[in-house]
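Written below as structure tokens is the structure these notes are about.
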Amino acid sequence: MTYESTRSQPTASLATSPLTGWDRARWAALGDHLLSSALPFASPGHARITFPGPEGGYGRAVDGLEGFARTFLLAGFRLAGERGADPHGWAEWYAQGLAAGSDPHAEDRWLRLSEHAQAKVEAASLALVLDLTREWIWDRLSPLVQEQLVDYLAEAVGDDTYPRINWVWFRLVVQTFLRSVGGPHSLDEMAADLATHDSFERADGWLADGAERSYDHYAGWALHLYPTLWARMRGAQDLAAPRRERDVRLLDRYLDDALALVGADGSPLLQGRSLTYRFAAAAPFWVGAIAEVPSHSPGLLRRAASGVVSHFVEHGAPDERGLLTQGWHHEWLPISQSYTGPGSPYWASKGLIGLALPADHPAWTATEEPLPVERGDVLRAVAAPGWVVSGTRADGVVRVVNHGTDHALEGDRVGDSPLYARLGYSTATAPWSDLASRTSPVEQSVTLVDGAGRATHRTGWRALDTRVDETPGQAPVGVSGSVVRAHWLDAETGGRDHGHGLPGVATDAGTLTVVSLVRGPWEVRLVRVDELADGVDASTVRLRVGGWPVVDGDGLTASLVPLTAQDAPVTSEHRTDASPLGHASAADVVDLPVEPGRWHAVLLTLAGPARDPYPSAPHRTLSAPELTAAGRTALVHWPDGERTLTDLP
């Protein structure tokens, strides 16, 4: 039985939690359930918690360290939020683990930062909680254990091997704690890490995870989380003061978009790596409450966070043992990257950071307010990742049309990562992640397919404009596009997977332009072969468009209708065990003639079970968009009877 099915009568006050039923007591019960279920898997000295499941890519020692450090986050939040009250004895239990883990002679000691890079990640969680719970844990440790911990953490100082992505925060948090306890630290390195973080800033409060076009949940559960928590550390006060206003402003703006990306059922967007962290996706909403952002009420932020957490609880996470496995709703090992082990999913603890706020904080006492998709249909352009976001109130589904995110740089010649480079993502579907789909894209793609059935990749494309047109007298339309130097890939499949597309030898196929016009559950996708590469004959290739991948029996309506070449047959591609949402799934595809210079168009639909996809004109005959001779505007007759005239990017 799951946590959801075994909990006692709901403790939630409907006066403050009318939408989700989750009040602070219920959150606390979940946190305590996760901790009490984890501790039986600890080593005798408590320094490692090694959960059942396949050994992670970095070995059992890392698995155990992750299990300790990531549950320590949750224990720290519980202690802080209860102002030190500790009926379960978490402080003493973890203090024993801190003593053993930092003892270089203990049998269950932690791998040191100089021994394995993953220890640098986990050290940041240790430092963060030691600061957060200082008077209840750190101040009560013996001088010897304090010295051991300083010695363990001090290896971060002078280490220039931290990747210049979200990892800069791991070094910065550790050095900030060391500074607060009189340990070694480098103000120059701290300033350099802050400067690197600042280089991640993009439009509208978004932060890229490094130099690449890497936009995903790390923007919220790492790059916006750490500045807020770090600013409250004792060793950061003087450094954070001149940055605070800017960091809060960026977070506030980012939350405009992040709130619109949560489905009415609480599901986060299924896009990007590390999805096994699950309800860590709730972290930025709590961080907004902690930072007291000016534009978003505590009730709205808590509703978003409660929606995300309750979504997973209601779908079986944690499992019947009270454990978070590698997966999404249930265990599904293909969701893991090469760095994932059985302790990794406990970064979900970040999503419970609201428990660090006391019961009288406005984030807990305010009344829940509905999400954007619950208040009405959502249509917005998100410039940094190149997304058009379309959420529909009738079914609560949020969709993203993607022309800007591929976890790569413009001009790169690698494979498409299913987690980043697909044309569409949603809160109700998941990209296919099996090897066949990584080597030859099908769903949510526009490709050239050769005689052997190999589909091209699009990573490295040139992004065009992303916007919402609001023309008087017609319905708003989301518009985005990209120009793709399509390439076949002889992929190297044996390497480590960090979420990137596969490497390999690329062969040019041709140049494609793809433009998306978006309204409600619909996308009119305009595709054009601009030119074929030398040696590629139009008669030997097909122009293939793939639609939404849906799991059998999920109640979704997903269709693909060719608006040009209307006699082209639509077929279904099927996969097994390619989606974390279900065993069997399918996606519609259509093959169109390759006619360089000519636009083709298809209508893609994704709607939830509560919605008739064509409510105003269910029997309407669909027609092709009317384009000007120069191909600069498109007149579209939509399934609901609306007509829109749109300038193409």
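If you're wondering about the labels, chains in the structure tokens are A, B, ... by order shown, residues count from 1 in each chain, ligands from 1 in order shown.
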
Residues of range 61-135 of chain A in alpha helix (DSSP H), written as a PDB file with C-alpha atoms, in the first residue's frame:
```pdb
ATOM      1  CA  ALA A  61      29.745   4.207  -1.798  1.00  0.00           C
ATOM      2  CA  VAL A  62      28.260   7.131  -3.713  1.00  0.00           C
ATOM      3  CA  ASP A  63      24.795   5.580  -3.441  1.00  0.00           C
ATOM      4  CA  GLY A  64      25.105   5.543   0.341  1.00  0.00           C
ATOM      5  CA  LEU A  65      26.443   9.087   0.556  1.00  0.00           C
ATOM      6  CA  GLU A  66      23.590  10.372  -1.594  1.00  0.00           C
ATOM      7  CA  GLY A  67      21.075   8.561   0.579  1.00  0.00           C
ATOM      8  CA  PHE A  68      22.445  10.248   3.694  1.00  0.00           C
ATOM      9  CA  ALA A  69      22.967  13.757   2.325  1.00  0.00           C
ATOM     10  CA  ARG A  70      19.656  14.026   0.505  1.00  0.00           C
ATOM     11  CA  THR A  71      17.530  12.758   3.364  1.00  0.00           C
ATOM     12  CA  PHE A  72      19.574  15.031   5.671  1.00  0.00           C
ATOM     13  CA  LEU A  73      18.112  17.915   3.674  1.00  0.00           C
ATOM     14  CA  LEU A  74      14.615  16.800   4.635  1.00  0.00           C
ATOM     15  CA  ALA A  75      15.533  16.214   8.267  1.00  0.00           C
ATOM     16  CA  GLY A  76      17.032  19.709   8.374  1.00  0.00           C
ATOM     17  CA  PHE A  77      13.884  21.271   6.965  1.00  0.00           C
ATOM     18  CA  ARG A  78      11.799  19.487   9.598  1.00  0.00           C
ATOM     19  CA  LEU A  79      14.035  20.690  12.444  1.00  0.00           C
ATOM     20  CA  ALA A  80      14.129  24.274  11.201  1.00  0.00           C
ATOM     21  CA  GLY A  81      10.391  24.487  10.689  1.00  0.00           C
ATOM     22  CA  TRP A  90      16.362  13.172  13.767  1.00  0.00           C
ATOM     23  CA  ALA A  91      19.076  15.539  15.051  1.00  0.00           C
ATOM     24  CA  GLU A  92      20.823  12.911  17.176  1.00  0.00           C
ATOM     25  CA  TRP A  93      20.457  10.222  14.507  1.00  0.00           C
ATOM     26  CA  TYR A  94      22.037  12.358  11.803  1.00  0.00           C
ATOM     27  CA  ALA A  95      24.679  13.684  14.198  1.00  0.00           C
ATOM     28  CA  GLN A  96      25.931  10.130  14.561  1.00  0.00           C
ATOM     29  CA  GLY A  97      26.110   9.856  10.776  1.00  0.00           C
ATOM     30  CA  LEU A  98      28.003  13.133  10.523  1.00  0.00           C
ATOM     31  CA  ALA A  99      30.569  11.825  13.011  1.00  0.00           C
ATOM     32  CA  ALA A 100      31.071   8.520  11.207  1.00  0.00           C
ATOM     33  CA  GLY A 101      30.951   9.896   7.678  1.00  0.00           C
ATOM     34  CA  GLN A 118      29.714  13.360  -6.778  1.00  0.00           C
ATOM     35  CA  ALA A 119      30.844  14.008  -3.225  1.00  0.00           C
ATOM     36  CA  LYS A 120      31.088  17.690  -4.186  1.00  0.00           C
ATOM     37  CA  VAL A 121      27.358  17.726  -4.884  1.00  0.00           C
ATOM     38  CA  GLU A 122      26.435  16.016  -1.632  1.00  0.00           C
ATOM     39  CA  ALA A 123      28.794  18.191   0.411  1.00  0.00           C
ATOM     40  CA  ALA A 124      26.646  21.201  -0.446  1.00  0.00           C
ATOM     41  CA  SER A 125      23.594  19.560   1.141  1.00  0.00           C
ATOM     42  CA  LEU A 126      25.621  18.774   4.248  1.00  0.00           C
ATOM     43  CA  ALA A 127      26.838  22.369   4.514  1.00  0.00           C
ATOM     44  CA  LEU A 128      23.423  23.866   3.835  1.00  0.00           C
ATOM     45  CA  VAL A 129      21.723  21.885   6.596  1.00  0.00           C
ATOM     46  CA  LEU A 130      24.575  22.322   9.075  1.00  0.00           C
ATOM     47  CA  ASP A 131      24.031  26.061   8.707  1.00  0.00           C
ATOM     48  CA  LEU A 132      20.230  25.850   8.759  1.00  0.00           C
TER      49      LEU A 132
END
```

Extract, using only C-alpha atoms, all DNA, RNA and protein residues at most 6 Å from range 398-411 of chain A, discarding same-chain residues fewer than 4 positions from it, and format them as a list in words.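 Surrounding residues, per the criterion: Glu212, Arg213, Ser214, Gly263, Pro385, Gly386, Trp387, Val388, Val389, Ser390, Gly391, Tyr420, Ala421, Leu423, Gly424, Tyr425, Ser426, Thr427, Thr459, Gly460, Trp461, Ala463, Gly481 and Ser482 of chain A.
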
Restrict the selected residues to C-alpha atoms and save them as a CSV table (one decimal), in the first residue's frame.
```csv
chain,number,residue,atom,x,y,z
A,212,GLU,CA,24.3,25.7,-23.8
A,213,ARG,CA,20.6,26.0,-24.5
A,214,SER,CA,19.8,24.0,-21.4
A,263,GLY,CA,-0.9,21.2,-15.0
A,385,PRO,CA,13.9,28.5,-23.8
A,386,GLY,CA,11.9,29.4,-27.0
A,387,TRP,CA,8.7,27.9,-25.8
A,388,VAL,CA,5.0,28.7,-26.6
A,389,VAL,CA,3.0,27.6,-23.6
A,390,SER,CA,-0.6,26.6,-24.1
A,391,GLY,CA,-2.7,25.5,-21.2
A,420,TYR,CA,15.3,18.4,-24.8
A,421,ALA,CA,15.0,18.5,-28.5
A,423,LEU,CA,9.1,19.9,-30.7
A,424,GLY,CA,6.5,19.4,-28.0
A,425,TYR,CA,6.2,18.5,-24.3
A,426,SER,CA,3.3,18.5,-21.9
A,427,THR,CA,2.2,17.7,-18.4
A,459,THR,CA,19.9,19.6,-32.6
A,460,GLY,CA,21.9,22.8,-33.3
A,461,TRP,CA,19.1,24.5,-35.1
A,463,ALA,CA,15.8,29.6,-33.4
A,481,GLY,CA,9.9,28.6,-35.4
A,482,SER,CA,13.3,27.3,-36.2
```

Pick out each residue of range 447-644 of chain A that DSSP on the backbone tags as strand (DSSP E or B); I need them as number ranges by chain. A: 447-449, 455, 457, 462-469, 477-491, 504-519, 522-532, 542-546, 550-551, 557-562, 570-579, 582-592, 599-607, 626-627, 633-637, 643-644

Export of prior selection with C-alpha atoms as a short mmCIF file (atom, residue, chain, number, x, y, z; two decimals), in the first residue's frame:
```cif
data_model
loop_
_atom_site.label_atom_id
_atom_site.label_comp_id
_atom_site.auth_asym_id
_atom_site.auth_seq_id
_atom_site.Cartn_x
_atom_site.Cartn_y
_atom_site.Cartn_z
CA THR A 447 12.53 14.75 -40.09
CA LEU A 448 13.82 13.56 -43.42
CA VAL A 449 13.72 9.77 -43.58
CA ALA A 455 15.28 9.83 -39.44
CA HIS A 457 18.13 14.99 -36.07
CA ARG A 462 18.72 28.29 -35.49
CA ALA A 463 15.83 29.60 -33.43
CA LEU A 464 13.42 32.11 -34.92
CA ASP A 465 11.04 34.45 -33.13
CA THR A 466 8.84 33.21 -30.27
CA ARG A 467 5.82 35.40 -29.51
CA VAL A 468 2.08 35.66 -28.98
CA ASP A 469 0.20 37.72 -31.57
CA VAL A 477 -1.98 32.95 -31.62
CA GLY A 478 1.32 31.64 -30.29
CA VAL A 479 4.05 31.74 -32.92
CA SER A 480 7.50 30.18 -32.97
CA GLY A 481 9.87 28.58 -35.43
CA SER A 482 13.32 27.27 -36.22
CA VAL A 483 15.57 26.56 -39.17
CA VAL A 484 17.14 23.14 -39.00
CA ARG A 485 20.28 21.84 -40.66
CA ALA A 486 18.94 18.31 -40.60
CA HIS A 487 21.50 15.55 -40.33
CA TRP A 488 21.60 11.79 -40.13
CA LEU A 489 23.73 10.43 -37.33
CA ASP A 490 25.86 7.33 -37.06
CA ALA A 491 25.42 7.38 -33.31
CA GLY A 504 28.38 10.40 -33.55
CA VAL A 505 29.24 11.13 -37.17
CA ALA A 506 26.75 13.53 -38.78
CA THR A 507 25.79 13.53 -42.47
CA ASP A 508 23.91 16.46 -43.98
CA ALA A 509 20.41 15.76 -45.26
CA GLY A 510 19.06 19.23 -45.98
CA THR A 511 17.66 22.39 -44.48
CA LEU A 512 14.17 22.46 -42.98
CA THR A 513 12.10 25.36 -41.69
CA VAL A 514 9.44 24.59 -39.10
CA VAL A 515 6.89 27.14 -37.86
CA SER A 516 4.31 26.48 -35.16
CA LEU A 517 1.02 28.35 -34.80
CA VAL A 518 -0.60 27.51 -31.48
CA ARG A 519 -4.08 27.92 -29.98
CA TRP A 522 -4.05 22.73 -31.36
CA GLU A 523 -0.87 23.39 -33.25
CA VAL A 524 -0.77 24.09 -36.98
CA ARG A 525 2.73 22.98 -37.88
CA LEU A 526 4.09 24.43 -41.11
CA VAL A 527 7.09 22.59 -42.54
CA ARG A 528 9.22 23.30 -45.56
CA VAL A 529 12.23 21.63 -47.11
CA ASP A 530 14.32 24.65 -48.06
CA GLU A 531 16.97 22.64 -49.86
CA LEU A 532 18.46 19.18 -49.90
CA ARG A 542 10.40 11.34 -47.15
CA LEU A 543 9.36 14.34 -45.07
CA ARG A 544 7.96 12.89 -41.86
CA VAL A 545 5.99 14.70 -39.16
CA GLY A 546 5.41 12.97 -35.83
CA VAL A 550 0.24 8.93 -25.73
CA VAL A 551 0.02 5.92 -23.47
CA THR A 557 -7.13 12.68 -27.53
CA ALA A 558 -4.06 12.99 -29.72
CA SER A 559 -4.38 13.34 -33.46
CA LEU A 560 -2.43 14.41 -36.52
CA VAL A 561 -4.29 15.62 -39.61
CA PRO A 562 -2.45 16.59 -42.82
CA VAL A 570 -1.55 8.81 -41.23
CA THR A 571 -0.11 5.79 -39.45
CA SER A 572 0.79 5.03 -35.85
CA GLU A 573 4.21 4.20 -34.48
CA HIS A 574 4.13 2.04 -31.38
CA ARG A 575 6.61 1.60 -28.54
CA THR A 576 6.78 -0.57 -25.44
CA ASP A 577 8.57 0.52 -22.27
CA ALA A 578 9.59 3.82 -23.87
CA SER A 579 7.57 6.06 -21.53
CA GLY A 582 2.85 3.38 -19.22
CA HIS A 583 4.04 0.22 -20.89
CA ALA A 584 2.52 0.72 -24.36
CA SER A 585 2.34 4.02 -26.22
CA ALA A 586 1.77 5.30 -29.74
CA ALA A 587 2.24 8.41 -31.85
CA ASP A 588 0.68 9.38 -35.17
CA VAL A 589 3.04 10.06 -38.07
CA VAL A 590 2.56 11.17 -41.66
CA ASP A 591 4.97 11.05 -44.59
CA LEU A 592 4.74 14.02 -46.93
CA TRP A 599 5.11 24.62 -47.43
CA HIS A 600 3.25 21.65 -45.98
CA ALA A 601 0.98 21.83 -42.96
CA VAL A 602 -0.44 19.44 -40.39
CA LEU A 603 -2.83 19.97 -37.48
CA LEU A 604 -1.73 18.43 -34.17
CA THR A 605 -4.19 18.05 -31.30
CA LEU A 606 -3.64 17.06 -27.68
CA ALA A 607 -6.62 17.24 -25.33
CA GLU A 626 -3.61 30.00 -46.97
CA LEU A 627 -0.13 31.44 -47.39
CA THR A 633 1.74 35.22 -43.72
CA ALA A 634 -0.63 32.37 -42.97
CA LEU A 635 -4.43 32.51 -42.84
CA VAL A 636 -5.62 29.62 -40.68
CA HIS A 637 -9.17 28.31 -40.26
CA ARG A 643 -9.82 32.56 -38.41
CA THR A 644 -6.40 34.09 -37.81
#
```

Take CA of Ala240 in chain A and CA of Pro227 in chain A and report the distance between them in Å, one decimal.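 Rounded to one decimal, the two atoms are 8.4 Å apart.
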
Non-local contacts of Thr16 in chain A (10 Å; only C-alpha atoms; under 5 positions in same chain excluded) as a VMD selection string: chain A and resid 21 to 23 299 303 364 to 369

For His116 in chain A, which of A:Pro649, A:Gly494, A:Gly59, A:Gly220 is the closest residue, counting only C-alpha atoms?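 The closest residue to His116 in chain A is A:Gly59.
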
Might you pull out every residue within 9 Å of range 270-280 of chain A, with only C-alpha atoms counted and same-chain residues fewer than 6 positions away left off, and present them as a PyMOL selection string? chain A and resi 214-218+220-221+305+308-312+317+324-329+332+335-337+340+344-352+407+418-420+425-431+498-500

Can you write just those residues out, N, CA and C atoms, as a compact mmCIF listing (two decimals), in the first residue's frame?
```
# COMPACT_ATOMS: atom_id res chain seq x y z
N SER A 214 20.28 25.03 -22.34
CA SER A 214 19.84 24.02 -21.38
C SER A 214 18.84 24.65 -20.43
N TYR A 215 17.57 24.42 -20.70
CA TYR A 215 16.48 24.93 -19.87
C TYR A 215 15.63 23.75 -19.43
N ASP A 216 15.44 23.64 -18.15
CA ASP A 216 14.72 22.49 -17.60
C ASP A 216 14.40 22.80 -16.15
N HIS A 217 14.06 21.79 -15.37
CA HIS A 217 13.70 22.02 -13.97
C HIS A 217 14.88 22.51 -13.13
N TYR A 218 16.11 22.34 -13.61
CA TYR A 218 17.26 22.86 -12.86
C TYR A 218 17.19 24.38 -12.70
N GLY A 220 14.73 26.00 -11.73
CA GLY A 220 14.00 26.26 -10.51
C GLY A 220 14.55 25.57 -9.28
N TRP A 221 14.87 24.26 -9.40
CA TRP A 221 15.26 23.53 -8.20
C TRP A 221 16.75 23.66 -7.89
N ALA A 305 2.94 24.20 -5.15
CA ALA A 305 3.79 23.20 -4.51
C ALA A 305 2.96 22.00 -4.05
N VAL A 308 1.98 19.78 -6.99
CA VAL A 308 3.06 18.93 -7.50
C VAL A 308 3.27 17.72 -6.59
N VAL A 309 3.37 17.96 -5.29
CA VAL A 309 3.63 16.85 -4.37
C VAL A 309 2.45 15.88 -4.35
N SER A 310 1.23 16.41 -4.28
CA SER A 310 0.07 15.52 -4.22
C SER A 310 -0.06 14.70 -5.50
N HIS A 311 0.36 15.27 -6.63
CA HIS A 311 0.29 14.52 -7.89
C HIS A 311 1.07 13.21 -7.78
N PHE A 312 2.27 13.29 -7.23
CA PHE A 312 3.09 12.08 -7.14
C PHE A 312 2.57 11.14 -6.06
N ALA A 317 4.04 7.52 -5.53
CA ALA A 317 5.38 7.87 -5.07
C ALA A 317 5.27 8.74 -3.82
N LEU A 324 11.30 6.31 -2.39
CA LEU A 324 11.31 6.95 -3.70
C LEU A 324 12.25 6.16 -4.59
N THR A 325 11.70 5.49 -5.58
CA THR A 325 12.50 4.68 -6.49
C THR A 325 12.94 5.54 -7.68
N GLN A 326 13.77 4.97 -8.53
CA GLN A 326 14.14 5.64 -9.77
C GLN A 326 12.97 5.49 -10.74
N GLY A 327 12.33 6.60 -11.03
CA GLY A 327 11.17 6.56 -11.91
C GLY A 327 10.41 7.86 -11.84
N TRP A 328 9.15 7.82 -12.26
CA TRP A 328 8.28 9.00 -12.26
C TRP A 328 7.14 8.70 -11.28
N HIS A 329 6.03 8.17 -11.75
CA HIS A 329 5.01 7.75 -10.80
C HIS A 329 5.45 6.48 -10.08
N TRP A 332 10.82 3.18 -12.84
CA TRP A 332 11.03 3.03 -14.28
C TRP A 332 12.49 3.42 -14.54
N ILE A 335 14.48 6.10 -16.87
CA ILE A 335 14.44 7.54 -16.63
C ILE A 335 15.77 8.05 -16.10
N SER A 336 16.62 7.14 -15.63
CA SER A 336 17.86 7.53 -14.97
C SER A 336 18.93 7.92 -15.98
N GLN A 337 19.76 8.88 -15.57
CA GLN A 337 20.97 9.19 -16.30
C GLN A 337 22.15 8.42 -15.69
N THR A 340 22.72 8.61 -11.90
CA THR A 340 21.61 8.32 -11.01
C THR A 340 21.80 6.98 -10.31
N SER A 344 19.60 8.83 -5.38
CA SER A 344 19.44 10.08 -6.13
C SER A 344 18.05 10.66 -6.05
N PRO A 345 16.98 9.85 -6.12
CA PRO A 345 15.64 10.45 -6.12
C PRO A 345 15.33 11.30 -4.90
N TYR A 346 16.13 11.18 -3.85
CA TYR A 346 15.84 11.94 -2.63
C TYR A 346 16.23 13.41 -2.72
N TRP A 347 16.71 13.85 -3.90
CA TRP A 347 16.76 15.29 -4.13
C TRP A 347 15.34 15.84 -4.20
N ALA A 348 14.36 14.95 -4.27
CA ALA A 348 12.97 15.37 -4.13
C ALA A 348 12.75 16.10 -2.81
N SER A 349 13.64 15.90 -1.84
CA SER A 349 13.54 16.62 -0.57
C SER A 349 13.46 18.12 -0.78
N LYS A 350 14.07 18.61 -1.85
CA LYS A 350 14.02 20.05 -2.10
C LYS A 350 12.58 20.53 -2.26
N GLY A 351 11.71 19.67 -2.76
CA GLY A 351 10.33 20.05 -2.93
C GLY A 351 9.57 20.17 -1.63
N LEU A 352 10.19 19.70 -0.52
CA LEU A 352 9.58 19.79 0.80
C LEU A 352 10.19 20.91 1.64
N HIS A 407 19.71 21.51 -25.24
CA HIS A 407 20.87 21.09 -24.44
C HIS A 407 22.13 21.08 -25.31
N PRO A 418 15.80 13.12 -26.44
CA PRO A 418 14.35 13.13 -26.30
C PRO A 418 13.87 14.08 -25.20
N LEU A 419 14.70 14.32 -24.21
CA LEU A 419 14.30 15.15 -23.08
C LEU A 419 14.37 16.64 -23.38
N TYR A 420 15.03 17.02 -24.48
CA TYR A 420 15.25 18.44 -24.76
C TYR A 420 14.86 18.88 -26.16
N TYR A 425 6.26 19.17 -25.64
CA TYR A 425 6.24 18.52 -24.32
C TYR A 425 4.94 18.92 -23.64
N SER A 426 4.55 18.17 -22.63
CA SER A 426 3.32 18.51 -21.92
C SER A 426 3.36 17.94 -20.51
N THR A 427 2.32 18.28 -19.74
CA THR A 427 2.17 17.72 -18.40
C THR A 427 1.41 16.39 -18.42
N ALA A 428 1.01 15.93 -19.61
CA ALA A 428 0.23 14.69 -19.71
C ALA A 428 0.92 13.64 -20.56
N THR A 429 2.02 13.98 -21.23
CA THR A 429 2.73 13.04 -22.09
C THR A 429 4.21 13.07 -21.74
N ALA A 430 4.91 12.03 -22.16
CA ALA A 430 6.35 11.95 -21.93
C ALA A 430 7.05 11.59 -23.23
N PRO A 431 8.21 12.18 -23.50
CA PRO A 431 8.94 11.81 -24.72
C PRO A 431 9.42 10.37 -24.64
N HIS A 498 24.19 11.97 -19.81
CA HIS A 498 23.91 13.07 -18.90
C HIS A 498 22.76 13.92 -19.41
N GLY A 499 21.95 13.37 -20.30
CA GLY A 499 20.81 14.10 -20.83
C GLY A 499 21.04 14.69 -22.20
N HIS A 500 22.30 14.73 -22.66
CA HIS A 500 22.58 15.23 -23.99
C HIS A 500 22.09 14.25 -25.06
```
